[in-house]
Each structure stands twice: as structure tokens, then as C-alpha cells.
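work_26.pdb (PDB, C-alpha atoms)
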```
ATOM      1  CA  MET T 214       0.000   0.000   0.000  1.00  0.00           C
ATOM      2  CA  LYS T 215       1.211   3.485  -0.815  1.00  0.00           C
ATOM      3  CA  ILE T 216       0.254   6.303   1.538  1.00  0.00           C
ATOM      4  CA  THR T 217       0.740   9.929   0.602  1.00  0.00           C
ATOM      5  CA  ILE T 218       0.479  12.777   3.078  1.00  0.00           C
ATOM      6  CA  LEU T 219      -0.423  15.820   1.001  1.00  0.00           C
ATOM      7  CA  THR T 220      -0.156  19.111   2.868  1.00  0.00           C
ATOM      8  CA  VAL T 221      -0.247  22.855   2.424  1.00  0.00           C
ATOM      9  CA  GLY T 222       2.869  24.777   3.453  1.00  0.00           C
ATOM     10  CA  LYS T 223       6.466  23.998   4.283  1.00  0.00           C
ATOM     11  CA  LEU T 224       7.357  22.513   7.627  1.00  0.00           C
ATOM     12  CA  LYS T 225       9.868  24.780   9.360  1.00  0.00           C
ATOM     13  CA  GLU T 226       9.958  23.520  12.949  1.00  0.00           C
ATOM     14  CA  ILE T 227      12.925  21.210  13.519  1.00  0.00           C
ATOM     15  CA  TYR T 228      11.233  19.251  16.314  1.00  0.00           C
ATOM     16  CA  LEU T 229       8.295  18.427  14.026  1.00  0.00           C
ATOM     17  CA  ARG T 230      10.608  17.475  11.151  1.00  0.00           C
ATOM     18  CA  ASP T 231      12.512  15.152  13.516  1.00  0.00           C
ATOM     19  CA  GLY T 232       9.296  13.494  14.715  1.00  0.00           C
ATOM     20  CA  ILE T 233       8.007  13.077  11.178  1.00  0.00           C
ATOM     21  CA  ALA T 234      11.339  11.561  10.074  1.00  0.00           C
ATOM     22  CA  GLU T 235      11.075   9.040  12.920  1.00  0.00           C
ATOM     23  CA  TYR T 236       7.593   7.937  11.847  1.00  0.00           C
ATOM     24  CA  GLN T 237       8.651   7.825   8.186  1.00  0.00           C
ATOM     25  CA  LYS T 238      11.370   5.382   9.220  1.00  0.00           C
ATOM     26  CA  ARG T 239       8.977   3.285  11.343  1.00  0.00           C
ATOM     27  CA  LEU T 240       6.314   3.167   8.640  1.00  0.00           C
ATOM     28  CA  GLY T 241       8.834   1.918   6.068  1.00  0.00           C
ATOM     29  CA  LYS T 242       8.180  -1.677   7.072  1.00  0.00           C
ATOM     30  CA  TYR T 243       4.411  -1.341   6.607  1.00  0.00           C
ATOM     31  CA  CYS T 244       3.863   0.832   3.533  1.00  0.00           C
ATOM     32  CA  ARG T 245       5.434   3.097   0.962  1.00  0.00           C
ATOM     33  CA  LEU T 246       5.137   6.620   2.312  1.00  0.00           C
ATOM     34  CA  GLU T 247       5.369   9.875   0.398  1.00  0.00           C
ATOM     35  CA  LEU T 248       5.124  13.384   1.801  1.00  0.00           C
ATOM     36  CA  ILE T 249       4.126  16.165  -0.589  1.00  0.00           C
ATOM     37  CA  GLU T 250       3.959  19.854   0.328  1.00  0.00           C
ATOM     38  CA  VAL T 251       2.286  22.466  -1.845  1.00  0.00           C
ATOM     39  CA  ALA T 252       2.819  26.195  -1.435  1.00  0.00           C
ATOM     40  CA  ASP T 253       0.576  28.077   0.932  1.00  0.00           C
ATOM     41  CA  GLU T 254      -0.852  31.555   0.482  1.00  0.00           C
ATOM     42  CA  ARG T 255      -0.209  34.359   2.919  1.00  0.00           C
ATOM     43  CA  THR T 256      -3.376  35.332   4.741  1.00  0.00           C
ATOM     44  CA  PRO T 257      -3.444  39.063   5.484  1.00  0.00           C
ATOM     45  CA  ASP T 258      -4.507  40.166   8.960  1.00  0.00           C
ATOM     46  CA  GLY T 259      -8.191  40.979   8.943  1.00  0.00           C
ATOM     47  CA  ALA T 260      -8.834  39.107   5.697  1.00  0.00           C
ATOM     48  CA  SER T 261     -12.464  39.090   4.629  1.00  0.00           C
ATOM     49  CA  GLN T 262     -14.377  35.857   4.240  1.00  0.00           C
ATOM     50  CA  ALA T 263     -14.187  36.277   0.459  1.00  0.00           C
ATOM     51  CA  GLU T 264     -10.387  36.659   0.647  1.00  0.00           C
ATOM     52  CA  GLU T 265     -10.130  33.572   2.852  1.00  0.00           C
ATOM     53  CA  GLU T 266     -12.271  31.546   0.424  1.00  0.00           C
ATOM     54  CA  GLN T 267     -10.053  32.677  -2.459  1.00  0.00           C
ATOM     55  CA  ILE T 268      -6.941  31.601  -0.547  1.00  0.00           C
ATOM     56  CA  LYS T 269      -8.468  28.178   0.179  1.00  0.00           C
ATOM     57  CA  ARG T 270      -9.453  27.853  -3.477  1.00  0.00           C
ATOM     58  CA  MET T 271      -5.898  28.614  -4.659  1.00  0.00           C
ATOM     59  CA  GLU T 272      -4.367  26.176  -2.174  1.00  0.00           C
ATOM     60  CA  GLY T 273      -7.033  23.632  -3.108  1.00  0.00           C
ATOM     61  CA  GLU T 274      -6.138  23.854  -6.793  1.00  0.00           C
ATOM     62  CA  ARG T 275      -2.524  23.058  -5.922  1.00  0.00           C
ATOM     63  CA  LEU T 276      -3.613  20.095  -3.808  1.00  0.00           C
ATOM     64  CA  LEU T 277      -5.934  18.721  -6.489  1.00  0.00           C
ATOM     65  CA  ARG T 278      -3.121  18.796  -9.071  1.00  0.00           C
ATOM     66  CA  CYS T 279      -1.268  16.250  -6.892  1.00  0.00           C
ATOM     67  CA  ILE T 280      -4.172  13.806  -6.672  1.00  0.00           C
ATOM     68  CA  ARG T 281      -4.666  11.126  -9.303  1.00  0.00           C
ATOM     69  CA  GLU T 282      -8.076   9.857 -10.354  1.00  0.00           C
ATOM     70  CA  THR T 283      -7.256   6.408  -8.932  1.00  0.00           C
ATOM     71  CA  ASP T 284      -6.231   7.703  -5.482  1.00  0.00           C
ATOM     72  CA  TYR T 285      -8.487   7.113  -2.492  1.00  0.00           C
ATOM     73  CA  VAL T 286      -8.565  10.529  -0.816  1.00  0.00           C
ATOM     74  CA  ILE T 287      -9.030  11.038   2.913  1.00  0.00           C
ATOM     75  CA  ALA T 288      -9.438  14.711   3.788  1.00  0.00           C
ATOM     76  CA  LEU T 289      -8.749  15.800   7.345  1.00  0.00           C
ATOM     77  CA  ALA T 290     -11.696  18.012   8.236  1.00  0.00           C
ATOM     78  CA  ILE T 291     -13.260  19.064  11.526  1.00  0.00           C
ATOM     79  CA  GLY T 292     -16.660  17.937  10.227  1.00  0.00           C
ATOM     80  CA  GLY T 293     -15.416  14.474   9.246  1.00  0.00           C
ATOM     81  CA  MET T 294     -15.934  11.132  10.945  1.00  0.00           C
ATOM     82  CA  MET T 295     -14.251  10.716  14.305  1.00  0.00           C
ATOM     83  CA  LEU T 296     -12.612   7.322  14.726  1.00  0.00           C
ATOM     84  CA  ASP T 297     -10.616   5.868  17.558  1.00  0.00           C
ATOM     85  CA  SER T 298      -7.267   4.211  16.791  1.00  0.00           C
ATOM     86  CA  VAL T 299      -8.737   0.724  16.421  1.00  0.00           C
ATOM     87  CA  GLU T 300     -11.418   2.010  14.039  1.00  0.00           C
ATOM     88  CA  LEU T 301      -8.816   3.867  11.958  1.00  0.00           C
ATOM     89  CA  SER T 302      -6.779   0.671  11.782  1.00  0.00           C
ATOM     90  CA  GLY T 303      -9.878  -1.172  10.599  1.00  0.00           C
ATOM     91  CA  LYS T 304     -10.537   1.504   7.982  1.00  0.00           C
ATOM     92  CA  LEU T 305      -6.989   1.188   6.624  1.00  0.00           C
ATOM     93  CA  GLU T 306      -7.233  -2.600   6.574  1.00  0.00           C
ATOM     94  CA  SER T 307     -10.654  -2.511   4.897  1.00  0.00           C
ATOM     95  CA  LEU T 308      -9.393  -0.170   2.186  1.00  0.00           C
ATOM     96  CA  GLY T 309      -6.482  -2.507   1.515  1.00  0.00           C
ATOM     97  CA  VAL T 310      -8.800  -5.517   1.261  1.00  0.00           C
ATOM     98  CA  GLN T 311     -11.019  -3.562  -1.157  1.00  0.00           C
ATOM     99  CA  GLY T 312      -8.002  -3.055  -3.412  1.00  0.00           C
ATOM    100  CA  GLU T 313      -7.317   0.597  -2.640  1.00  0.00           C
ATOM    101  CA  SER T 314      -3.555   0.606  -3.086  1.00  0.00           C
ATOM    102  CA  SER T 315      -2.955   4.363  -3.085  1.00  0.00           C
ATOM    103  CA  LEU T 316      -4.289   6.415  -0.175  1.00  0.00           C
ATOM    104  CA  VAL T 317      -3.847  10.179  -0.027  1.00  0.00           C
ATOM    105  CA  PHE T 318      -4.401  11.966   3.275  1.00  0.00           C
ATOM    106  CA  VAL T 319      -4.933  15.697   2.690  1.00  0.00           C
ATOM    107  CA  ILE T 320      -4.184  18.330   5.333  1.00  0.00           C
ATOM    108  CA  GLY T 321      -5.180  21.885   4.491  1.00  0.00           C
ATOM    109  CA  GLY T 322      -3.486  25.116   5.443  1.00  0.00           C
ATOM    110  CA  SER T 323      -4.338  27.419   8.315  1.00  0.00           C
ATOM    111  CA  LEU T 324      -7.777  28.148   6.830  1.00  0.00           C
ATOM    112  CA  GLY T 325      -8.630  24.513   6.135  1.00  0.00           C
ATOM    113  CA  LEU T 326      -9.563  22.834   2.866  1.00  0.00           C
ATOM    114  CA  SER T 327     -11.503  24.251  -0.053  1.00  0.00           C
ATOM    115  CA  ASP T 328     -14.946  22.924  -0.901  1.00  0.00           C
ATOM    116  CA  GLU T 329     -13.475  21.492  -4.123  1.00  0.00           C
ATOM    117  CA  VAL T 330     -10.990  19.351  -2.182  1.00  0.00           C
ATOM    118  CA  LEU T 331     -13.688  18.224   0.252  1.00  0.00           C
ATOM    119  CA  ARG T 332     -15.907  17.204  -2.677  1.00  0.00           C
ATOM    120  CA  ARG T 333     -13.038  15.204  -4.231  1.00  0.00           C
ATOM    121  CA  ALA T 334     -12.446  13.348  -0.966  1.00  0.00           C
ATOM    122  CA  ASP T 335     -13.715   9.799  -0.735  1.00  0.00           C
ATOM    123  CA  TYR T 336     -13.776  10.083   3.053  1.00  0.00           C
ATOM    124  CA  GLN T 337     -13.504  12.899   5.578  1.00  0.00           C
ATOM    125  CA  LEU T 338     -11.689  12.179   8.820  1.00  0.00           C
ATOM    126  CA  SER T 339     -11.713  14.300  11.968  1.00  0.00           C
ATOM    127  CA  PHE T 340      -9.259  13.869  14.809  1.00  0.00           C
ATOM    128  CA  SER T 341     -11.250  16.155  17.088  1.00  0.00           C
ATOM    129  CA  ARG T 342     -13.653  19.054  17.095  1.00  0.00           C
ATOM    130  CA  MET T 343     -10.672  21.064  18.314  1.00  0.00           C
ATOM    131  CA  THR T 344      -8.417  22.871  15.873  1.00  0.00           C
ATOM    132  CA  PHE T 345      -4.780  21.784  15.656  1.00  0.00           C
ATOM    133  CA  PRO T 346      -1.938  23.575  13.881  1.00  0.00           C
ATOM    134  CA  HIS T 347      -1.738  22.018  10.433  1.00  0.00           C
ATOM    135  CA  GLN T 348       2.020  21.478  10.859  1.00  0.00           C
ATOM    136  CA  LEU T 349       1.481  19.478  14.069  1.00  0.00           C
ATOM    137  CA  MET T 350      -1.332  17.501  12.441  1.00  0.00           C
ATOM    138  CA  ARG T 351       1.184  15.886  10.102  1.00  0.00           C
ATOM    139  CA  LEU T 352       2.992  14.304  13.032  1.00  0.00           C
ATOM    140  CA  ILE T 353      -0.227  13.261  14.777  1.00  0.00           C
ATOM    141  CA  LEU T 354      -1.535  11.680  11.562  1.00  0.00           C
ATOM    142  CA  LEU T 355       1.677   9.736  10.939  1.00  0.00           C
ATOM    143  CA  GLU T 356       1.663   8.448  14.512  1.00  0.00           C
ATOM    144  CA  GLN T 357      -1.925   7.235  14.123  1.00  0.00           C
ATOM    145  CA  ILE T 358      -1.200   5.557  10.780  1.00  0.00           C
ATOM    146  CA  TYR T 359       1.775   3.796  12.381  1.00  0.00           C
ATOM    147  CA  ARG T 360      -0.373   2.766  15.357  1.00  0.00           C
ATOM    148  CA  GLY T 361      -3.042   1.561  12.917  1.00  0.00           C
ATOM    149  CA  PHE T 362      -0.602  -0.764  11.149  1.00  0.00           C
ATOM    150  CA  ARG T 363       0.622  -2.146  14.476  1.00  0.00           C
ATOM    151  CA  ILE T 364      -2.960  -2.820  15.571  1.00  0.00           C
ATOM    152  CA  MET T 365      -3.720  -4.418  12.198  1.00  0.00           C
ATOM    153  CA  ARG T 366      -0.765  -6.786  12.557  1.00  0.00           C
ATOM    154  CA  GLY T 367      -1.499  -7.650  16.193  1.00  0.00           C
ATOM    155  CA  GLU T 368       1.711  -5.980  17.359  1.00  0.00           C
ATOM    156  CA  PRO T 369       1.935  -4.259  20.739  1.00  0.00           C
ATOM    157  CA  TYR T 370       1.020  -0.571  20.902  1.00  0.00           C
ATOM    158  CA  HIS T 371       0.544   1.956  23.679  1.00  0.00           C
ATOM    159  CA  LYS T 372      -3.068   2.124  24.868  1.00  0.00           C
TER     160      LYS T 372
END
```

What does the file become when written as C-alpha cells?
Amino acid sequence: MKITILTVGKLKEIYLRDGIAEYQKRLGKYCRLELIEVADERTPDGASQAEEEQIKRMEGERLLRCIRETDYVIALAIGGMMLDSVELSGKLESLGVQGESSLVFVIGGSLGLSDEVLRRADYQLSFSRMTFPHQLMRLILLEQIYRGFRIMRGEPYHK
């Protein structure tokens, strides 16, 4: 199975890059992992709703250019389905059994994902009703994918 983490913006924080590198290494035995970053747009202070929608649309266009028609797309969205770790593991396993060999997890920028990206998604996943920094979400997502593979294989994991 190939898993792509498709995100808006460059990751600058060294501690997050180090954590992500660790999970990339750990996930190597379970899947092929690719991380893709697309450019983000600067959001001016006091931006209007129309300006924010335009920014999301521009970022969304960049994201959509990286998604193939055959990819199974999971958008991270506050309004998505909330799963616990065992349920996420089951979802990943089920997708594999169904023949979905290329999963793309999409993380939007600071304003979230455009409606176009959400419509393209095959599934919307929420980690919480709380808002997390999109840079930190990359690390949290990778940890949960790793945990999901360990659960799937019956390997020990922290509960």
C-alpha cells in the first residue's frame, strides 16, 4: 500500500521534522510513504471571508493537481468522521482488502480545505472538534497511521 500525506505549506519547525522523520522510518516496514507539500498563500490580517475563500481555493487547486483519479482521498476536516485508533486501523485494513492501493491523506493550510478538495475526498476524517496547527497535524496523523498498522498486525502498541 502506498500512503501519501499531502499538505499545504512547508514545515519549518525542527522538532516536528525530527518526529516526522522518525515515523517515516517506522512506517517503512508497513507501507510506501510519500510526503508532498504544496505552497501556501499568505493570509493578510483581517482578511475578509471572500479573501479567505479565495486563498483556500488557490491552495485547493494546488492540492488537487497532486491527486490522481485512482487515489483514495481522505481529507482531514473538523466535520469528518471521528474514529478511535482501532477504528482507523480497521478503515486502513478494509481499504487494503477492497483493493485501494494508493491512499492520499490531505491536510489543508491554516484556513482549512476548499470545498473542491472536500468534494473530491472519498472520506472525511476528523481527529477532534478542536483545531490543531496544520504542521502538528502531520505528526499526529503519521503516529496514528503507524499505530493503525501495528494494531492491524497484532503488534503491541501503547493504549

Would you place a box with edges along x, y and z of the file around all atoms of stretch 237-252 of chain T listed there, add 4 Å to each of its six sides, and report the centre and edge lengths in Å to one decimal, as AutoDock Vina command-line options?
```
--center_x 6.8 --center_y 12.3 --center_z 4.7 --size_x 17.1 --size_y 35.9 --size_z 21.2
```

Find the residues near stretch 354-358 of chain T: any atom within 8 Å, counting all atoms listed in the file, skip ones fewer than 3 places away on the same chain, and give them as a tab-separated table (two decimals) with C-alpha atoms, in the coordinates of the input.
```
chain	number	residue	atom	x	y	z
T	233	ILE	CA	8.01	13.08	11.18
T	236	TYR	CA	7.59	7.94	11.85
T	237	GLN	CA	8.65	7.82	8.19
T	298	SER	CA	-7.27	4.21	16.79
T	301	LEU	CA	-8.82	3.87	11.96
T	302	SER	CA	-6.78	0.67	11.78
T	350	MET	CA	-1.33	17.50	12.44
T	351	ARG	CA	1.18	15.89	10.10
T	361	GLY	CA	-3.04	1.56	12.92
T	362	PHE	CA	-0.60	-0.76	11.15
```

Stretch 319-336 of chain T surroundings by all atoms listed in the file, 8 Å radius, close-in-sequence under 3 positions cut, as a VMD selection string: chain T and resid 218 to 222 253 265 to 266 269 to 270 272 to 273 276 to 277 285 to 290 293 346 to 347 350 to 351

Test item: the PyMOL selection byres ((chain T and resi 305) around 12) resolved as a ChimeraX atom specification: /T:214-216,243-244,285,287,296,298-304,306-318,336,357-366

Kindly resolve the PyMOL selection byres ((chain T and resi 341-343) around 9) on the present coordinates and return the residues as a compact mmCIF listing (two decimals) with C-alpha atoms, in the frame of the given file.
```txt
# COMPACT_ATOMS: atom_id res chain seq x y z
CA ILE T 291 -13.26 19.06 11.53
CA GLY T 292 -16.66 17.94 10.23
CA MET T 295 -14.25 10.72 14.30
CA SER T 339 -11.71 14.30 11.97
CA PHE T 340 -9.26 13.87 14.81
CA THR T 344 -8.42 22.87 15.87
CA PHE T 345 -4.78 21.78 15.66
```

Residue with smallest distance to T:Arg230 - pool T:Thr217, T:Gln267, T:Gln262, T:Gln348, counting all atoms listed in the file: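 Ranking T:Thr217, T:Gln267, T:Gln262, T:Gln348 by distance to T:Arg230, first place goes to T:Gln348.
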
Atomic separation - atom CA of T:Ile280 relative to atom CA of T:Glu254, Å: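 Taking atom CA of T:Glu254 and atom CA of T:Ile280, their separation equals 19.4 Å.
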
For atom CA of T:His371 and atom CA of T:Lys225, the interatomic separation in Å (one decimal):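 Atom CA of T:Lys225 lies 28.5 Å from atom CA of T:His371.
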
Atomic distance atom CA of T:Leu224 - atom CA of T:Arg278, expressed in Å with one decimal: 20.1 Å

Among listed residues T:Glu235, T:Glu250, T:Asp258, T:Asp284, nearest T:Lys223 (using only C-alpha atoms): T:Glu250

Residue nearest T:Leu349 - candidates T:Ala263, T:Met271, T:Leu246, T:Leu229, atoms counted: all atoms listed in the file: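 Answer, going by the shortest atom-to-atom distance: T:Leu229.
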
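With all atoms listed in the file as the basis for measurement, T:Val251 is the residue among T:Met294, T:Leu352, T:Val251, T:Glu226 that approaches T:Arg275 most closely.
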
Please export stretch 310-322 of chain T as a PDB file, in the first residue's frame, restricted to C-alpha atoms.
```
ATOM      1  CA  VAL T 310      -8.800  -5.517   1.261  1.00  0.00           C
ATOM      2  CA  GLN T 311     -11.019  -3.562  -1.157  1.00  0.00           C
ATOM      3  CA  GLY T 312      -8.002  -3.055  -3.412  1.00  0.00           C
ATOM      4  CA  GLU T 313      -7.317   0.597  -2.640  1.00  0.00           C
ATOM      5  CA  SER T 314      -3.555   0.606  -3.086  1.00  0.00           C
ATOM      6  CA  SER T 315      -2.955   4.363  -3.085  1.00  0.00           C
ATOM      7  CA  LEU T 316      -4.289   6.415  -0.175  1.00  0.00           C
ATOM      8  CA  VAL T 317      -3.847  10.179  -0.027  1.00  0.00           C
ATOM      9  CA  PHE T 318      -4.401  11.966   3.275  1.00  0.00           C
ATOM     10  CA  VAL T 319      -4.933  15.697   2.690  1.00  0.00           C
ATOM     11  CA  ILE T 320      -4.184  18.330   5.333  1.00  0.00           C
ATOM     12  CA  GLY T 321      -5.180  21.885   4.491  1.00  0.00           C
ATOM     13  CA  GLY T 322      -3.486  25.116   5.443  1.00  0.00           C
TER      14      GLY T 322
END
```
